[in-house]
>>> print(open('start_3.cif').read())   # mmCIF, C-alpha atoms and all ligand atoms
data_input
#
loop_
_atom_site.label_atom_id
_atom_site.label_comp_id
_atom_site.auth_asym_id
_atom_site.auth_seq_id
_atom_site.Cartn_x
_atom_site.Cartn_y
_atom_site.Cartn_z
CA MET A 1 0.00 0.00 0.00
CA LYS A 2 2.76 2.38 1.05
CA GLN A 3 4.60 1.62 -2.16
CA ALA A 4 1.47 2.26 -4.24
CA LEU A 5 0.99 5.60 -2.49
CA MET A 6 4.62 6.51 -3.20
CA VAL A 7 4.19 5.66 -6.88
CA PHE A 8 1.04 7.78 -6.99
CA LEU A 9 2.79 10.68 -5.28
CA VAL A 10 5.75 10.49 -7.65
CA MET A 11 3.41 10.37 -10.65
CA PHE A 12 1.30 13.24 -9.28
CA THR A 13 4.38 15.37 -8.60
CA ALA A 14 5.88 14.59 -12.01
CA GLN A 15 2.61 15.50 -13.69
CA ALA A 16 2.11 18.68 -11.68
CA PHE A 17 5.56 19.98 -12.61
CA SER A 18 5.64 18.80 -16.19
CA GLN A 19 2.49 20.68 -17.29
CA PRO A 20 3.36 23.22 -19.93
CA CYS A 21 2.18 26.77 -19.20
CA GLY A 22 -1.40 27.37 -20.20
CA THR A 23 -2.56 23.77 -19.98
CA LYS A 24 -4.85 22.23 -17.40
CA SER A 25 -3.32 20.86 -14.25
CA PHE A 26 -4.23 17.69 -12.41
CA ASN A 27 -6.46 19.68 -10.02
CA ASP A 28 -8.75 20.73 -12.86
CA TYR A 29 -9.82 17.11 -13.17
CA ALA A 30 -10.55 16.67 -9.46
CA TYR A 31 -14.31 17.12 -10.09
CA ASP A 32 -16.77 14.39 -10.98
CA ILE A 33 -17.63 14.42 -14.63
CA HIS A 34 -20.35 17.01 -15.39
CA SER A 35 -20.31 18.22 -11.77
CA THR A 36 -22.13 21.54 -11.32
CA ASP A 37 -19.99 22.24 -8.24
CA ARG A 38 -17.28 23.18 -10.64
CA PRO A 39 -16.83 27.00 -10.92
CA TYR A 40 -18.55 28.45 -13.95
CA PRO A 41 -16.39 30.43 -16.37
CA GLU A 42 -16.67 34.21 -16.20
CA VAL A 43 -18.96 35.66 -18.86
CA VAL A 44 -17.07 37.77 -21.40
CA ASP A 45 -18.54 39.81 -24.23
CA PRO A 46 -16.31 38.74 -27.13
CA GLY A 47 -16.58 42.06 -29.00
CA THR A 48 -16.55 42.11 -32.78
CA PRO A 49 -13.91 41.20 -35.36
CA SER A 50 -12.33 43.85 -37.56
CA SER A 51 -13.06 44.23 -41.24
CA LEU A 52 -10.37 45.41 -43.63
CA ASP A 53 -11.89 48.89 -43.45
CA GLU A 54 -12.80 49.14 -39.80
CA ALA A 55 -11.33 48.05 -36.49
CA GLY A 56 -13.52 45.75 -34.40
CA GLN A 57 -14.37 45.91 -30.70
CA PRO A 58 -12.15 44.17 -28.11
CA PRO A 59 -13.51 41.56 -25.70
CA SER A 60 -14.97 43.02 -22.51
CA ASP A 61 -12.12 41.73 -20.31
CA ALA A 62 -9.31 43.08 -22.53
CA ILE A 63 -6.91 45.83 -21.56
CA VAL A 64 -7.00 48.27 -24.47
CA LEU A 65 -3.59 49.64 -25.45
CA PHE A 66 -4.82 51.59 -28.48
CA ASP A 67 -8.47 52.25 -29.33
CA GLY A 68 -7.85 54.55 -32.27
CA SER A 69 -7.64 57.79 -30.34
CA ASP A 70 -4.34 58.42 -28.56
CA LEU A 71 -0.99 57.11 -27.39
CA SER A 72 -1.71 57.53 -23.68
CA GLN A 73 -0.85 53.86 -23.01
CA TRP A 74 2.64 54.14 -24.55
CA LEU A 75 6.02 55.56 -23.60
CA THR A 76 9.33 56.15 -25.33
CA ARG A 77 12.43 54.19 -24.33
CA ASP A 78 13.28 57.03 -21.92
CA GLY A 79 9.86 56.91 -20.27
CA GLU A 80 8.55 60.05 -21.99
CA PRO A 81 5.10 60.14 -23.64
CA ALA A 82 5.24 58.22 -26.95
CA ASP A 83 5.39 60.56 -29.93
CA TRP A 84 4.55 58.49 -32.99
CA LYS A 85 2.01 60.00 -35.37
CA VAL A 86 -1.65 59.49 -34.42
CA GLY A 87 -3.80 59.35 -37.55
CA ASN A 88 -7.47 58.62 -38.12
CA GLY A 89 -7.84 55.49 -35.99
CA TYR A 90 -4.21 54.39 -36.24
CA ILE A 91 -0.71 55.15 -35.00
CA GLU A 92 2.21 55.36 -37.37
CA CYS A 93 5.89 54.82 -36.63
CA VAL A 94 7.93 57.96 -37.24
CA PRO A 95 11.52 57.30 -38.36
CA GLY A 96 13.99 58.80 -35.91
CA LYS A 97 11.65 58.46 -32.91
CA SER A 98 11.99 55.83 -30.20
CA THR A 99 10.64 52.31 -30.17
CA ILE A 100 7.52 52.58 -28.00
CA TYR A 101 6.69 50.63 -24.82
CA SER A 102 3.35 49.89 -23.22
CA LYS A 103 2.89 51.68 -19.88
CA GLN A 104 1.58 48.49 -18.36
CA SER A 105 3.66 45.37 -18.07
CA PHE A 106 2.59 41.88 -19.01
CA GLY A 107 3.74 38.30 -18.68
CA ASP A 108 1.44 35.53 -19.93
CA CYS A 109 -1.03 37.19 -22.28
CA GLN A 110 -3.20 37.07 -25.36
CA LEU A 111 -2.36 40.00 -27.63
CA HIS A 112 -4.36 41.25 -30.58
CA ILE A 113 -2.75 43.83 -32.83
CA GLU A 114 -3.36 45.03 -36.37
CA TRP A 115 -0.79 46.53 -38.67
CA ALA A 116 -0.34 47.80 -42.19
CA THR A 117 2.87 48.40 -44.09
CA PRO A 118 3.09 51.48 -46.37
CA ALA A 119 0.84 51.26 -49.44
CA GLN A 120 3.56 52.92 -51.43
CA VAL A 121 6.27 50.28 -51.56
CA GLU A 122 9.80 51.46 -50.90
CA GLY A 123 12.92 49.41 -50.26
CA GLU A 124 13.29 45.67 -50.31
CA GLY A 125 13.99 42.72 -48.00
CA GLN A 126 14.29 43.85 -44.38
CA GLY A 127 13.99 47.50 -45.42
CA ARG A 128 10.37 47.23 -46.54
CA GLY A 129 7.68 47.88 -43.95
CA ASN A 130 9.79 46.63 -41.07
CA SER A 131 8.62 46.91 -37.48
CA GLY A 132 8.05 44.35 -34.77
CA VAL A 133 5.80 43.34 -31.90
CA TYR A 134 7.95 42.50 -28.88
CA LEU A 135 6.44 40.47 -26.07
CA MET A 136 8.07 41.64 -22.83
CA GLY A 137 10.20 43.96 -24.97
CA LEU A 138 12.43 40.95 -25.70
CA TYR A 139 10.70 38.44 -27.96
CA GLU A 140 9.92 39.79 -31.44
CA VAL A 141 7.15 38.71 -33.74
CA GLN A 142 8.44 40.30 -36.95
CA VAL A 143 6.34 42.85 -38.79
CA LEU A 144 7.38 43.21 -42.42
CA ASP A 145 5.93 43.68 -45.88
CA SER A 146 6.35 40.05 -46.91
CA TYR A 147 3.96 40.27 -49.86
CA GLN A 148 6.11 39.29 -52.84
CA ASN A 149 9.15 40.46 -50.92
CA THR A 150 11.87 37.91 -50.23
CA THR A 151 14.13 38.00 -47.22
CA TYR A 152 15.64 35.35 -44.97
CA PRO A 153 12.80 33.08 -43.77
CA ASP A 154 13.38 33.66 -40.05
CA GLY A 155 13.05 37.40 -40.66
CA GLN A 156 9.86 37.57 -42.73
CA ALA A 157 6.46 38.66 -41.41
CA ALA A 158 5.21 36.52 -38.50
CA ALA A 159 8.66 35.00 -37.95
CA LEU A 160 9.91 34.81 -34.40
CA TYR A 161 12.84 36.86 -35.43
CA GLY A 162 16.01 34.85 -35.96
CA GLN A 163 14.42 31.68 -34.56
CA TYR A 164 11.34 30.38 -36.38
CA PRO A 165 9.95 31.26 -39.83
CA PRO A 166 6.14 31.22 -39.97
CA GLU A 167 4.56 27.91 -41.09
CA VAL A 168 3.10 29.72 -44.11
CA ASN A 169 3.27 33.22 -45.54
CA ALA A 170 -0.24 34.59 -44.92
CA SER A 171 0.65 38.18 -45.83
CA ARG A 172 -1.77 40.64 -47.36
CA GLN A 173 -0.80 43.34 -49.82
CA PRO A 174 1.04 46.45 -48.65
CA GLY A 175 -1.30 49.11 -47.26
CA VAL A 176 -3.96 46.53 -46.28
CA TRP A 177 -4.70 45.91 -42.60
CA GLN A 178 -3.39 42.63 -41.20
CA THR A 179 -3.90 40.99 -37.81
CA TYR A 180 -1.78 39.15 -35.31
CA ASP A 181 -3.40 37.12 -32.56
CA ILE A 182 -0.67 36.02 -30.21
CA ILE A 183 -0.76 33.73 -27.19
CA PHE A 184 2.37 34.09 -25.14
CA HIS A 185 3.61 32.38 -22.02
CA ARG A 186 6.65 33.95 -20.44
CA PRO A 187 9.70 31.92 -19.45
CA ARG A 188 9.91 30.68 -15.88
CA PHE A 189 13.14 31.02 -13.93
CA SER A 190 14.33 29.39 -10.74
CA PRO A 191 15.32 31.66 -7.83
CA THR A 192 18.93 31.25 -8.94
CA GLY A 193 18.16 32.31 -12.51
CA GLU A 194 18.06 28.99 -14.39
CA VAL A 195 15.37 28.47 -17.01
CA ILE A 196 12.67 26.12 -15.69
CA LYS A 197 10.39 26.60 -18.71
CA PRO A 198 11.23 28.47 -21.89
CA ALA A 199 8.75 31.01 -23.26
CA THR A 200 6.15 29.64 -25.68
CA ILE A 201 4.26 31.46 -28.37
CA THR A 202 1.39 30.81 -30.73
CA VAL A 203 0.67 33.26 -33.56
CA LEU A 204 -2.25 33.54 -35.98
CA HIS A 205 -1.52 35.85 -38.90
CA ASN A 206 -4.74 37.07 -40.52
CA GLY A 207 -6.45 34.18 -38.76
CA VAL A 208 -4.02 31.58 -40.13
CA LEU A 209 -1.95 29.56 -37.64
CA VAL A 210 1.69 30.36 -38.36
CA GLN A 211 3.44 29.62 -35.04
CA ASP A 212 2.08 26.62 -33.16
CA HIS A 213 3.10 26.79 -29.50
CA VAL A 214 6.82 26.99 -30.30
CA GLN A 215 9.49 27.35 -27.63
CA LEU A 216 11.61 30.46 -27.88
CA THR A 217 15.34 29.83 -27.45
CA GLY A 218 15.91 33.19 -25.73
CA PRO A 219 15.43 36.88 -26.54
CA THR A 220 15.36 37.60 -30.28
CA MET A 221 17.97 39.78 -31.93
CA ASN A 222 19.53 40.52 -35.31
CA ARG A 223 22.36 38.05 -36.15
CA LEU A 224 22.59 36.95 -32.56
CA ARG A 225 21.07 34.01 -30.70
CA LEU A 226 20.88 35.12 -27.12
CA ASP A 227 20.60 32.80 -24.16
CA TYR A 228 17.84 33.39 -21.70
CA TYR A 229 18.62 35.51 -18.72
CA ALA A 230 16.40 35.78 -15.65
CA HIS A 231 14.15 38.79 -16.05
CA ASP A 232 11.08 40.26 -14.43
CA SER A 233 7.84 38.28 -14.73
CA ARG A 234 6.09 41.32 -16.22
CA LEU A 235 7.60 43.67 -18.75
CA PRO A 236 6.17 46.13 -21.29
CA ILE A 237 5.14 45.13 -24.79
CA SER A 238 7.08 47.18 -27.34
CA LEU A 239 6.61 48.17 -30.97
CA GLN A 240 9.82 48.50 -32.93
CA ASN A 241 10.91 51.60 -34.77
CA HIS A 242 12.79 50.23 -37.76
CA ARG A 243 12.69 53.54 -39.63
CA ASN A 244 9.67 52.51 -41.76
CA PRO A 245 6.26 54.25 -41.38
CA VAL A 246 4.31 51.12 -40.39
CA ARG A 247 0.80 51.66 -38.94
CA PHE A 248 -0.93 49.92 -36.03
CA ARG A 249 -4.52 49.90 -34.76
CA ASN A 250 -6.88 48.01 -32.43
CA ILE A 251 -4.31 46.85 -29.88
CA TRP A 252 -5.60 44.94 -26.88
CA VAL A 253 -4.30 42.43 -24.38
CA ARG A 254 -5.96 39.81 -22.23
CA ASP A 255 -3.90 39.18 -19.15
CA LEU A 256 -3.46 35.44 -18.64
CA GLU A 257 -1.48 35.74 -15.41
CA LYS A 258 -3.24 34.37 -12.36
CA ASP A 259 -2.56 37.53 -10.35
CA LYS A 260 -4.38 39.93 -12.67
CA GLU A 261 -4.75 42.77 -10.19
CA GLN A 262 -1.01 43.11 -9.78
CA ALA A 263 -0.55 43.15 -13.56
CA ARG A 264 -3.19 45.85 -13.99
CA THR A 265 -1.66 48.17 -11.43
CA SER A 266 1.92 47.55 -12.51
CA THR A 267 3.51 50.43 -14.38
CA VAL A 268 7.05 49.11 -14.63
CA ARG A 269 8.96 50.97 -17.29
CA PRO A 270 11.74 49.41 -19.35
CA ASP A 271 14.17 51.60 -17.43
CA ALA A 272 12.60 50.93 -14.04
CA SER A 273 15.08 52.30 -11.55
CA PRO A 274 18.07 49.97 -11.77
CA ASP A 275 20.82 51.35 -9.54
CA ILE A 276 23.14 52.18 -12.42
CA ALA A 277 25.57 54.12 -10.21
CA ALA A 278 26.40 50.82 -8.47
CA MET A 279 27.13 49.23 -11.86
CA ALA A 280 29.77 51.77 -12.89
CA GLY A 281 33.35 50.60 -12.63
CA THR A 282 36.03 48.46 -14.27
CA PHE A 283 35.46 44.82 -15.18
CA GLN A 284 38.21 42.36 -16.08
CA ASN A 285 38.24 39.13 -18.05
CA PRO A 286 39.63 36.57 -15.54
CA ASP A 287 41.44 34.74 -18.37
CA ASN A 288 43.01 37.86 -19.85
CA PRO A 289 43.78 40.78 -17.49
CA ASN A 290 44.28 43.11 -20.48
CA ASP A 291 40.69 42.54 -21.58
CA ARG A 292 38.76 45.11 -19.63
CA ILE A 293 35.43 46.87 -19.85
CA VAL A 294 34.58 50.14 -18.18
CA LEU A 295 30.98 51.07 -17.41
CA ALA A 296 30.32 54.74 -16.74
CA VAL A 297 27.28 56.84 -15.95
CA LYS A 298 26.69 60.02 -17.90
CA GLU A 299 23.56 62.15 -17.48
CA GLY A 300 21.66 59.30 -15.86
CA GLN A 301 22.55 56.73 -18.53
CA LEU A 302 24.90 53.78 -18.41
CA PHE A 303 27.65 53.63 -21.06
CA VAL A 304 30.30 51.15 -22.10
CA ARG A 305 33.79 52.54 -22.62
CA GLU A 306 36.89 50.98 -24.20
CA MET A 307 35.14 48.21 -26.10
CA THR A 308 35.41 50.46 -29.12
CA SER A 309 36.77 53.95 -29.58
CA ARG A 310 33.43 55.53 -28.67
CA ASP A 311 30.98 55.29 -25.82
CA ILE A 312 28.05 52.94 -26.30
CA ALA A 313 24.78 53.89 -24.59
CA LEU A 314 23.10 50.97 -22.78
CA HIS A 315 19.33 50.77 -22.56
CA PRO A 316 17.84 48.86 -19.63
CA GLN A 317 15.51 45.98 -20.35
CA SER A 318 15.19 44.93 -16.75
CA GLY A 319 16.95 45.70 -13.50
CA SER A 320 20.07 43.80 -14.55
CA SER A 321 20.04 43.52 -18.32
CA PHE A 322 21.02 46.17 -20.84
CA TYR A 323 20.99 46.35 -24.62
CA ALA A 324 22.77 48.49 -27.18
CA PHE A 325 20.53 47.76 -30.16
CA GLU A 326 22.72 49.45 -32.80
CA ASP A 327 25.73 47.46 -31.67
CA GLN A 328 23.85 44.17 -31.22
CA LEU A 329 25.21 44.04 -27.71
CA GLN A 330 23.67 42.70 -24.53
CA ILE A 331 25.15 43.07 -21.06
CA ASN A 332 23.86 41.21 -18.03
CA ILE A 333 24.98 42.48 -14.65
CA ARG A 334 25.93 39.82 -12.10
CA THR A 335 25.41 40.34 -8.39
CA ASN A 336 26.63 38.35 -5.41
CA ARG A 337 24.51 37.06 -2.53
CA GLU A 338 24.61 40.44 -0.81
CA GLY A 339 23.22 42.06 -3.96
CA LYS A 340 26.52 43.82 -4.76
CA VAL A 341 27.61 44.03 -8.40
CA SER A 342 30.27 41.35 -8.87
CA GLY A 343 30.66 41.08 -12.61
CA LEU A 344 28.95 41.04 -15.97
CA ARG A 345 28.38 38.92 -19.04
CA VAL A 346 28.68 40.38 -22.52
CA PHE A 347 26.81 38.85 -25.47
CA GLN A 348 27.87 40.04 -28.91
CA ARG A 349 27.89 38.43 -32.36
CA GLY A 350 26.91 35.05 -30.97
CA LYS A 351 29.67 34.99 -28.34
CA MET A 352 29.54 35.39 -24.59
CA HIS A 353 32.35 36.79 -22.44
CA SER A 354 32.41 36.95 -18.68
CA TYR A 355 34.05 39.71 -16.62
CA ASP A 356 34.65 40.18 -12.89
CA LYS A 357 34.35 43.54 -11.25
CA VAL A 358 37.69 45.03 -10.20
CA GLU A 359 37.50 46.32 -6.65
CA GLN A 360 38.78 49.85 -6.36
MG MG B 1 11.48 44.04 -37.04
#
>>> encode(input="start_3.cif", output="structure tokens")
Amino acid sequence: MKQALMVFLVMFTAQAFSQPCGTKSFNDYAYDIHSTDRPYPEVVDPGTPSSLDEAGQPPSDAIVLFDGSDLSQWLTRDGEPADWKVGNGYIECVPGKSTIYSKQSFGDCQLHIEWATPAQVEGEGQGRGNSGVYLMGLYEVQVLDSYQNTTYPDGQAAALYGQYPPEVNASRQPGVWQTYDIIFHRPRFSPTGEVIKPATITVLHNGVLVQDHVQLTGPTMNRLRLDYYAHDSRLPISLQNHRNPVRFRNIWVRDLEKDKEQARTSTVRPDASPDIAAMAGTFQNPDNPNDRIVLAVKEGQLFVREMTSRDIALHPQSGSSFYAFEDQLQINIRTNREGKVSGLRVFQRGKMHSYDKVEQ
């Protein structure tokens, strides 16, 4: 009997911990079949779908990030009010302005967003109607004019950039409204920062399934496969400025996190108060004392010195991770048990280098 109980417990535990995010757990089947004791699902008005001409209505439990009127739910990279163009029911990326970030932060979510690349076609490949929808500001579903426009498959519209091409190319013509319906489950990390579960994502492009619950290999980036690093469980959604005037409309999110109230009241910004002064200093490669990196703070921003002949501005993605998008560079700050900065890891061009902080 004892042995049978042990076997059951082992099986139960294995099952409880092996459930992928977003699937039912063992406890959901603890009711008798057809039991009316089981909690009834909340009633949600599903809204209306969009037509090509007109945006639809979001479901009643969605958090609306853009309803056609203003950019009040969006910020620039520096936390200022977003300043893309607001047109008649749409927003349009303005070359030279910042990528924009949702004021609210999200983890697991269902995201609906519509986009249109310029009707007047200019450029080719990656230069034609390029933008991007970033879950957590880190995981890009590519936006691109992929209608009779060839580029590398893992960079075309609806690709998880640099990782997975879409199953099919369901693109509409330039200038025509297109939809993404995205179901995203954030990665889970252990308290010590190891990946317990990678992020998963499902994407429907114009209603066509193009990404079927695929596992992301880490944050997406141009020419660089990044490893996961432990980040916050809620981060802003961002829309990429790739210097093309791509339009967006009808943007809404359904929060799939259990603790919805916390997600609703969270206003974490991409640059949420990391103590960058504590990160400034000299860092040394333990295998090569001549290989050093200096981090400095200038006008409230963290910079890298001595990696090249110029300073490189670092943009925070979480409390401990920084990107320099132009340089395809990621830096993760390491801290010791007392929370003091002890070193950093540099990811660039597919390579990782580790540095220890030099005590001064
Ligand atoms: Mg892009």
>>> closest_atom_pairs(input="start_3.cif", of="chain A", to="ligand MG 1 (chain B)", cutoff="6 Å", atoms="only C-alpha atoms and all ligand atoms", output="tab-separated table")
residue	atom	partner	partner_atom	distance
A:Asn130	CA	B:MG1	MG	5.1
A:Ser131	CA	B:MG1	MG	4.1
A:Gly132	CA	B:MG1	MG	4.1
A:Gln142	CA	B:MG1	MG	4.8
A:Val143	CA	B:MG1	MG	5.6
>>> atom_distance(input="start_3.cif", atom1="atom CA of Gln104 of chain A", atom2="atom CA of Asp181 of chain A")
18.9 Å
>>> closest_residue(input="start_3.cif", among="A:Asn241, A:Ser190, A:Thr117, A:Thr48", to="Gln173 of chain A", atoms="all atoms listed in the file")
A:Thr117
>>> residues_around(input="start_3.cif", residues="Pro118 of chain A", least_positions_apart="3", cutoff="9 Å", atoms="only C-alpha atoms", output="number ranges by chain")
A: 121-122, 128-129, 145, 174-176, 244-247
>>> closest_atom_pairs(input="start_3.cif", of="segment 143-176 of chain A", to="segment 198-209 of chain A", cutoff="9 Å", atoms="only C-alpha atoms", output="JSON lines")
{"residue": "A:Ala157", "atom": "CA", "partner": "A:His205", "partner_atom": "CA", "distance": 8.8}
{"residue": "A:Ala158", "atom": "CA", "partner": "A:His205", "partner_atom": "CA", "distance": 6.8}
{"residue": "A:Leu160", "atom": "CA", "partner": "A:Ile201", "partner_atom": "CA", "distance": 8.9}
{"residue": "A:Pro166", "atom": "CA", "partner": "A:Leu209", "partner_atom": "CA", "distance": 8.6}
{"residue": "A:Glu167", "atom": "CA", "partner": "A:Leu209", "partner_atom": "CA", "distance": 7.6}
{"residue": "A:Val168", "atom": "CA", "partner": "A:Leu209", "partner_atom": "CA", "distance": 8.2}
{"residue": "A:Asn169", "atom": "CA", "partner": "A:His205", "partner_atom": "CA", "distance": 8.6}
{"residue": "A:Ala170", "atom": "CA", "partner": "A:His205", "partner_atom": "CA", "distance": 6.3}
{"residue": "A:Ser171", "atom": "CA", "partner": "A:His205", "partner_atom": "CA", "distance": 7.6}
{"residue": "A:Arg172", "atom": "CA", "partner": "A:Asn206", "partner_atom": "CA", "distance": 8.3}
>>> write_last_selection(input="start_3.cif", atoms="C-alpha atoms", output="PDB file, in the frame of the given file")
ATOM      1  CA  ALA A 157       6.460  38.660 -41.410  1.00  0.00           C
ATOM      2  CA  ALA A 158       5.210  36.520 -38.500  1.00  0.00           C
ATOM      3  CA  LEU A 160       9.910  34.810 -34.400  1.00  0.00           C
ATOM      4  CA  PRO A 166       6.140  31.220 -39.970  1.00  0.00           C
ATOM      5  CA  GLU A 167       4.560  27.910 -41.090  1.00  0.00           C
ATOM      6  CA  VAL A 168       3.100  29.720 -44.110  1.00  0.00           C
ATOM      7  CA  ASN A 169       3.270  33.220 -45.540  1.00  0.00           C
ATOM      8  CA  ALA A 170      -0.240  34.590 -44.920  1.00  0.00           C
ATOM      9  CA  SER A 171       0.650  38.180 -45.830  1.00  0.00           C
ATOM     10  CA  ARG A 172      -1.770  40.640 -47.360  1.00  0.00           C
TER      11      ARG A 172
END
>>> residues_around(input="start_3.cif", residues="Pro81 of chain A", least_positions_apart="3", cutoff="12 Å", atoms="all atoms listed in the file", output="PyMOL selection string")
chain A and resi 70-78+84+97-103+269
>>> build_atoms(input="start_3.cif", residues="segment 120-128 of chain A", atoms="all heavy atoms", output="PDB file, in the coordinates of the input")
ATOM      1  N   GLN A 120       2.548  52.608 -50.406  1.00  0.00           N
ATOM      2  CA  GLN A 120       3.560  52.920 -51.430  1.00  0.00           C
ATOM      3  C   GLN A 120       4.838  52.167 -51.064  1.00  0.00           C
ATOM      4  O   GLN A 120       5.483  52.469 -50.057  1.00  0.00           O
ATOM      5  CB  GLN A 120       3.811  54.421 -51.458  1.00  0.00           C
ATOM      6  CG  GLN A 120       4.663  54.813 -52.649  1.00  0.00           C
ATOM      7  CD  GLN A 120       4.847  56.319 -52.743  1.00  0.00           C
ATOM      8  OE1 GLN A 120       4.146  57.092 -52.092  1.00  0.00           O
ATOM      9  NE2 GLN A 120       5.807  56.734 -53.561  1.00  0.00           N
ATOM     10  N   VAL A 121       5.157  51.172 -51.888  1.00  0.00           N
ATOM     11  CA  VAL A 121       6.270  50.280 -51.560  1.00  0.00           C
ATOM     12  C   VAL A 121       7.609  50.975 -51.810  1.00  0.00           C
ATOM     13  O   VAL A 121       7.852  51.511 -52.885  1.00  0.00           O
ATOM     14  CB  VAL A 121       6.177  48.980 -52.386  1.00  0.00           C
ATOM     15  CG1 VAL A 121       7.428  48.141 -52.206  1.00  0.00           C
ATOM     16  CG2 VAL A 121       4.938  48.202 -51.965  1.00  0.00           C
ATOM     17  N   GLU A 122       8.429  50.956 -50.770  1.00  0.00           N
ATOM     18  CA  GLU A 122       9.800  51.460 -50.900  1.00  0.00           C
ATOM     19  C   GLU A 122      10.730  50.453 -50.268  1.00  0.00           C
ATOM     20  O   GLU A 122      10.387  49.820 -49.292  1.00  0.00           O
ATOM     21  CB  GLU A 122       9.953  52.806 -50.191  1.00  0.00           C
ATOM     22  CG  GLU A 122       9.443  53.977 -50.995  1.00  0.00           C
ATOM     23  CD  GLU A 122       9.570  55.292 -50.221  1.00  0.00           C
ATOM     24  OE1 GLU A 122      10.474  55.398 -49.381  1.00  0.00           O
ATOM     25  OE2 GLU A 122       8.739  56.178 -50.483  1.00  0.00           O
ATOM     26  N   GLY A 123      11.922  50.306 -50.830  1.00  0.00           N
ATOM     27  CA  GLY A 123      12.920  49.410 -50.260  1.00  0.00           C
ATOM     28  C   GLY A 123      12.623  47.962 -50.593  1.00  0.00           C
ATOM     29  O   GLY A 123      11.654  47.628 -51.296  1.00  0.00           O
ATOM     30  N   GLU A 124      13.485  47.099 -50.070  1.00  0.00           N
ATOM     31  CA  GLU A 124      13.290  45.670 -50.310  1.00  0.00           C
ATOM     32  C   GLU A 124      13.816  44.889 -49.096  1.00  0.00           C
ATOM     33  O   GLU A 124      14.454  45.462 -48.214  1.00  0.00           O
ATOM     34  CB  GLU A 124      14.034  45.233 -51.578  1.00  0.00           C
ATOM     35  CG  GLU A 124      15.509  45.563 -51.548  1.00  0.00           C
ATOM     36  CD  GLU A 124      16.180  45.253 -52.884  1.00  0.00           C
ATOM     37  OE1 GLU A 124      15.761  45.802 -53.906  1.00  0.00           O
ATOM     38  OE2 GLU A 124      17.128  44.455 -52.863  1.00  0.00           O
ATOM     39  N   GLY A 125      13.527  43.591 -49.090  1.00  0.00           N
ATOM     40  CA  GLY A 125      13.990  42.720 -48.000  1.00  0.00           C
ATOM     41  C   GLY A 125      13.580  43.283 -46.647  1.00  0.00           C
ATOM     42  O   GLY A 125      12.431  43.653 -46.426  1.00  0.00           O
ATOM     43  N   GLN A 126      14.552  43.368 -45.743  1.00  0.00           N
ATOM     44  CA  GLN A 126      14.290  43.850 -44.380  1.00  0.00           C
ATOM     45  C   GLN A 126      13.979  45.344 -44.328  1.00  0.00           C
ATOM     46  O   GLN A 126      13.547  45.853 -43.290  1.00  0.00           O
ATOM     47  CB  GLN A 126      15.488  43.540 -43.479  1.00  0.00           C
ATOM     48  CG  GLN A 126      15.683  42.061 -43.198  1.00  0.00           C
ATOM     49  CD  GLN A 126      14.619  41.501 -42.285  1.00  0.00           C
ATOM     50  OE1 GLN A 126      14.399  41.996 -41.193  1.00  0.00           O
ATOM     51  NE2 GLN A 126      13.948  40.451 -42.733  1.00  0.00           N
ATOM     52  N   GLY A 127      14.205  46.053 -45.412  1.00  0.00           N
ATOM     53  CA  GLY A 127      13.990  47.500 -45.420  1.00  0.00           C
ATOM     54  C   GLY A 127      12.593  47.903 -45.855  1.00  0.00           C
ATOM     55  O   GLY A 127      12.347  49.075 -46.117  1.00  0.00           O
ATOM     56  N   ARG A 128      11.699  46.935 -45.976  1.00  0.00           N
ATOM     57  CA  ARG A 128      10.370  47.230 -46.540  1.00  0.00           C
ATOM     58  C   ARG A 128       9.276  46.953 -45.506  1.00  0.00           C
ATOM     59  O   ARG A 128       8.936  45.798 -45.254  1.00  0.00           O
ATOM     60  CB  ARG A 128      10.184  46.350 -47.774  1.00  0.00           C
ATOM     61  CG  ARG A 128       8.960  46.698 -48.582  1.00  0.00           C
ATOM     62  CD  ARG A 128       9.068  46.061 -49.955  1.00  0.00           C
ATOM     63  NE  ARG A 128       7.854  45.392 -50.311  1.00  0.00           N
ATOM     64  CZ  ARG A 128       7.677  44.648 -51.403  1.00  0.00           C
ATOM     65  NH1 ARG A 128       8.691  44.475 -52.246  1.00  0.00           N
ATOM     66  NH2 ARG A 128       6.533  44.089 -51.651  1.00  0.00           N
TER      67      ARG A 128
END
